[in-house]
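> My structure is below; once you've seen it, I'll send some questions.
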Amino acid sequence: MDKDTAAASRPMGFWMALALVMGSMIGSGVFLLPASLAPLGWNSVFGWLITVAGALCVAAVFGKLSHILPKAGGPYAYSRAAFGDGAGFAIAWAYWISMWVGNAAIATGAVSYLSQLFPVLGEPGISAATTVAIVWTFTLINISGTKLAGQVQLVWTIIKIIPLIAVIGLAAYVLTQQGTAVVRPFATQDLSFSAISAATILTLWAMLGLETATVPADKVENAERTIGRATLLGTGGAGLVYILVCSAVVLMLPSALTAASPAPFALFVETFGGANAGTAIAAFGAISALGALNGWVMCQGELPAAMARDGMFPAFMGKAAPNGTPRNAHLFTTCLLTIVILMNSSRSLSAMFEFLIVLTTAIVLVMYFGCAAAAARLMMRGQIPATKGFTAIILFAMLYSLWTIYGAGWEALGWGIALLFAGLPTFWLMKISLGRGSHSAR
């Protein structure tokens, strides 16, 4: 294969992979989460610190796994290599569900910010129709080609970082001029294990996406090296931005006001920078969420296509368009995403967003735990060098996943378990149709 052919088959370089990671993470979370975190006060700061530390450990696990197994499907490929077809399917099924359910939340966040610019979009029927139109637009972009989707992701990631840097600068300026009096006082008696745990599960939503570069691995140039670098740098960069920006909004605005705001990020800028600035931030909030949606739509099509190529999903899901994109998988998954949006159209935007993020986070934590366990299994086999440092990282990633699963609550866990078991009939039907019996992946 010559260089031109290789470049065409693997159109995503380091910067596109980095943009996929950071762009998928920095979305609606940074603009909407402060409303949910405001009642938690300083507990949210400790939640962020735990979340970022845990996310970096999980990112290190994915970086190592992508180095030894640079295969499309990411988490699915890793768990299947370590535990066989059954575990690979279970992890991939849970992750795939988290994608299209989570995309409903991201699209909802985008419409929530657009409603600040165009109030008519806040009406239930119109908001649902707008949300559906948005997800189908990005589906068509991704069907048009991986390179185009990657270019869109890179441009929008750059655009969305600009207002975040501006807000960090504004917070620093206000603190310089007014001192720490504008910050909510720190009181140890207000801290609690349950509140920090709740903050951890909410903040993890904002970190979801750290693994996205592993999913289209077959389209990443020099995947063994590029994916690990993009995953670690993207996770660290996004985590730092989140800690600074979200903590500023939560601690420098009145709790009740922030909690009641449909656009707390814009509220912060309006309070300290003027109404016009707040309107601009609302526009950037919509852009940020839409940029994240683009990356996640790419992954929600790539994952089931990789499974179909391995005989773990119906064959039609693995068929590609002439340009190499998994067209059928994109169309089918977006149909499911549309159903989720329409089923939740009766909820308010804020209620729908919070329910979907907790449900999505609970599901994806199963995948994080499964991949950390897969790394441990492959280390025991000698496929990953056994070191004390990486062993500690794996253990922390597993404990972190279990703790945040606990913080998700029984409703989200119940739905997550039900959706996970809903995949069993599909798995058994595929085994029967292919005559796999008890075959396991080598």
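Order determines the names: the first chain of the structure tokens is A, the second B, and so forth; residues in each chain are numbered 1 upward, and ligands are numbered 1 upward as they are shown.
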Determine which residues of stretch 160-408 of chain A receive a DSSP assignment of helix (DSSP H, G or I), computed from the backbone, and state them as a PyMOL selection string.
chain A and resi 160-182+188-190+193-207+212-214+217-219+223-252+255-260+264-273+275-309+315-318+327-343+349-380+388-407
> Tell me which protein, DNA and RNA residues are within 7 Å of stretch 143-156 of chain A, counting only C-alpha atoms, leaving out same-chain ones fewer than 3 positions away, and put them as a list in words.
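Residues meeting the cut-off are Pro11, Met12, Met16, Ala19, Leu20, Gly23, Thr139, Leu140, Ile159, Lys160, Gly291, Asn294, Gly295, Asn323, Thr325 and Arg327 of chain A.
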> Restrict the selected residues to N, CA and C atoms and save them as a short mmCIF file (atom, residue, chain, number, x, y, z; two decimals), in the first residue's frame.

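Everything below was put into part-v9.cif:
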```
data_model
loop_
_atom_site.label_atom_id
_atom_site.label_comp_id
_atom_site.auth_asym_id
_atom_site.auth_seq_id
_atom_site.Cartn_x
_atom_site.Cartn_y
_atom_site.Cartn_z
N PRO A 11 -7.51 8.58 7.52
CA PRO A 11 -7.49 10.05 7.36
C PRO A 11 -7.32 10.83 8.65
N MET A 12 -7.34 10.17 9.82
CA MET A 12 -7.27 10.89 11.09
C MET A 12 -5.86 10.86 11.65
N MET A 16 -6.54 15.52 14.66
CA MET A 16 -7.95 15.12 14.55
C MET A 16 -8.33 14.18 15.68
N ALA A 19 -8.68 16.27 18.74
CA ALA A 19 -9.93 17.03 18.66
C ALA A 19 -11.13 16.12 18.92
N LEU A 20 -11.03 14.86 18.49
CA LEU A 20 -12.13 13.92 18.74
C LEU A 20 -12.28 13.68 20.24
N GLY A 23 -13.02 17.30 21.87
CA GLY A 23 -14.29 17.79 21.36
C GLY A 23 -15.47 16.96 21.83
N THR A 139 -25.57 13.04 11.46
CA THR A 139 -25.48 11.69 10.89
C THR A 139 -25.11 11.77 9.42
N LEU A 140 -25.73 12.68 8.69
CA LEU A 140 -25.44 12.83 7.26
C LEU A 140 -24.01 13.32 7.04
N ILE A 159 -12.99 26.38 18.10
CA ILE A 159 -13.96 27.46 18.37
C ILE A 159 -14.49 27.39 19.80
N LYS A 160 -14.78 26.17 20.28
CA LYS A 160 -15.40 26.04 21.60
C LYS A 160 -14.43 26.34 22.74
N GLY A 291 -20.53 20.41 18.56
CA GLY A 291 -19.24 19.84 18.23
C GLY A 291 -19.03 18.49 18.90
N ASN A 294 -21.07 15.79 17.11
CA ASN A 294 -20.47 15.31 15.87
C ASN A 294 -19.52 14.14 16.14
N GLY A 295 -18.67 14.26 17.17
CA GLY A 295 -17.73 13.20 17.50
C GLY A 295 -18.42 11.93 17.97
N ASN A 323 -17.53 5.39 0.23
CA ASN A 323 -16.43 6.17 0.82
C ASN A 323 -15.87 5.52 2.09
N THR A 325 -17.50 4.76 4.99
CA THR A 325 -18.21 5.03 6.24
C THR A 325 -19.29 3.98 6.47
N ARG A 327 -22.46 3.36 6.74
CA ARG A 327 -23.73 4.05 6.49
C ARG A 327 -24.90 3.38 7.20
#
```
> I'd like to know which of A:Thr258, A:Thr426, A:Thr130, A:Thr404 is closest to A:Phe31, using only C-alpha atoms.
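Between A:Thr258, A:Thr426, A:Thr130, A:Thr404, the residue approaching A:Phe31 most closely is A:Thr258.
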> So that I can check the surroundings of A:Ala259, please list as a compact mmCIF listing (two decimals) with C-alpha atoms, in the first residue's frame every protein, DNA and RNA residue that reaches within 7 Å of it, counting only C-alpha atoms and ignoring chain neighbours fewer than 2 positions away.

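Result went into part-v3.txt, see below:
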```txt
# COMPACT_ATOMS: atom_id res chain seq x y z
CA ALA A 35 -26.82 24.09 37.48
CA SER A 36 -26.76 20.53 38.88
CA ALA A 38 -24.50 24.45 42.41
CA PRO A 39 -26.30 22.99 45.49
CA SER A 255 -26.37 28.77 44.52
CA ALA A 256 -30.14 29.20 44.09
CA LEU A 257 -29.70 31.42 41.05
CA SER A 261 -30.71 28.76 35.38
```
> Quick one: residues within 12 Å of A:Val167, only C-alpha atoms, excluding same-chain residues fewer than 2 positions away - as a ChimeraX atom specification?
/A:30-31,160-165,169-174,241-242,244-249,265-273,277-278,280-281,284
> Of the candidates A:Leu117, A:Met312, A:Ile384, A:Ile341, which shows the shortest atom-to-atom distance to A:Asp85, using only C-alpha atoms?
A:Met312
> I'd like to know which of A:Phe421, A:Trp415, A:Tyr95, A:Trp15 is closest to A:Trp296, using only C-alpha atoms.
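Using only C-alpha atoms, A:Trp296 sits closest to A:Tyr95.
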> Quick one: distance from atom CA of A:Leu336 to atom CA of A:Trp100 in Å, one decimal?
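Computed distance, atom CA of A:Leu336 to atom CA of A:Trp100, equals 7.2 Å.
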> Give me, as number ranges by chain, all polymer residues having an atom no more than 7 Å from A:Ala128, counting only C-alpha atoms and skipping those fewer than 4 positions away in the same chain.
A: 124, 132, 341-342, 345
> Find the residues around A:Leu365 up to 9 Å (only C-alpha atoms counted), leave out those fewer than 5 positions away in its own chain, and share them as a list in words.
Tyr95, Thr360, Gly370, Ser401, Leu402, Thr404 and Ile405 of chain A
> Hey, which of A:Ala372, A:Ala129, A:Ile394, A:Val21 ends up closest to A:Ile339? Count only C-alpha atoms.
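So, comparing all the options, the nearest one is A:Ala129.
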> Of the residues A:Gly414, A:Gly209, A:Gly47, A:Gly27, which is the one nearest to A:Pro75, using only C-alpha atoms?
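Checking each of A:Gly414, A:Gly209, A:Gly47, A:Gly27 against A:Pro75, counting only C-alpha atoms, the winner is A:Gly209.
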> What lies within 9 Å of A:Ile201 using only C-alpha atoms, ignoring chain neighbours under 2 positions off, as a list in words?
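My list of contacting residues is Gly47, Thr51, Ile196, Ser197, Ala198, Ala199, Thr203, Leu204, Trp205, Val358, Thr361, Ala362, Trp403, Thr404, Ile405, Tyr406, Gly407 and Ala408 of chain A.
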> Only C-alpha atoms, please: the residues just picked out, written as a PDB file, in the first residue's frame.

```pdb
ATOM      1  CA  GLY A  47     -15.815  15.660  43.045  1.00  0.00           C
ATOM      2  CA  THR A  51     -13.143  12.528  38.650  1.00  0.00           C
ATOM      3  CA  ILE A 196     -18.942  14.276  46.972  1.00  0.00           C
ATOM      4  CA  SER A 197     -20.092  10.950  45.553  1.00  0.00           C
ATOM      5  CA  ALA A 198     -23.048  12.663  43.863  1.00  0.00           C
ATOM      6  CA  ALA A 199     -20.691  15.288  42.445  1.00  0.00           C
ATOM      7  CA  THR A 203     -18.849  15.402  36.808  1.00  0.00           C
ATOM      8  CA  LEU A 204     -17.929  12.105  35.188  1.00  0.00           C
ATOM      9  CA  TRP A 205     -20.554  12.859  32.531  1.00  0.00           C
ATOM     10  CA  VAL A 358     -27.043   9.877  34.908  1.00  0.00           C
ATOM     11  CA  THR A 361     -22.882   7.582  32.914  1.00  0.00           C
ATOM     12  CA  ALA A 362     -24.073   4.510  34.805  1.00  0.00           C
ATOM     13  CA  TRP A 403     -17.494   3.966  43.373  1.00  0.00           C
ATOM     14  CA  THR A 404     -19.087   6.116  40.708  1.00  0.00           C
ATOM     15  CA  ILE A 405     -21.438   3.275  39.772  1.00  0.00           C
ATOM     16  CA  TYR A 406     -22.603   3.415  43.396  1.00  0.00           C
ATOM     17  CA  GLY A 407     -23.126   7.167  43.081  1.00  0.00           C
ATOM     18  CA  ALA A 408     -25.389   6.783  40.049  1.00  0.00           C
TER      19      ALA A 408
END
```
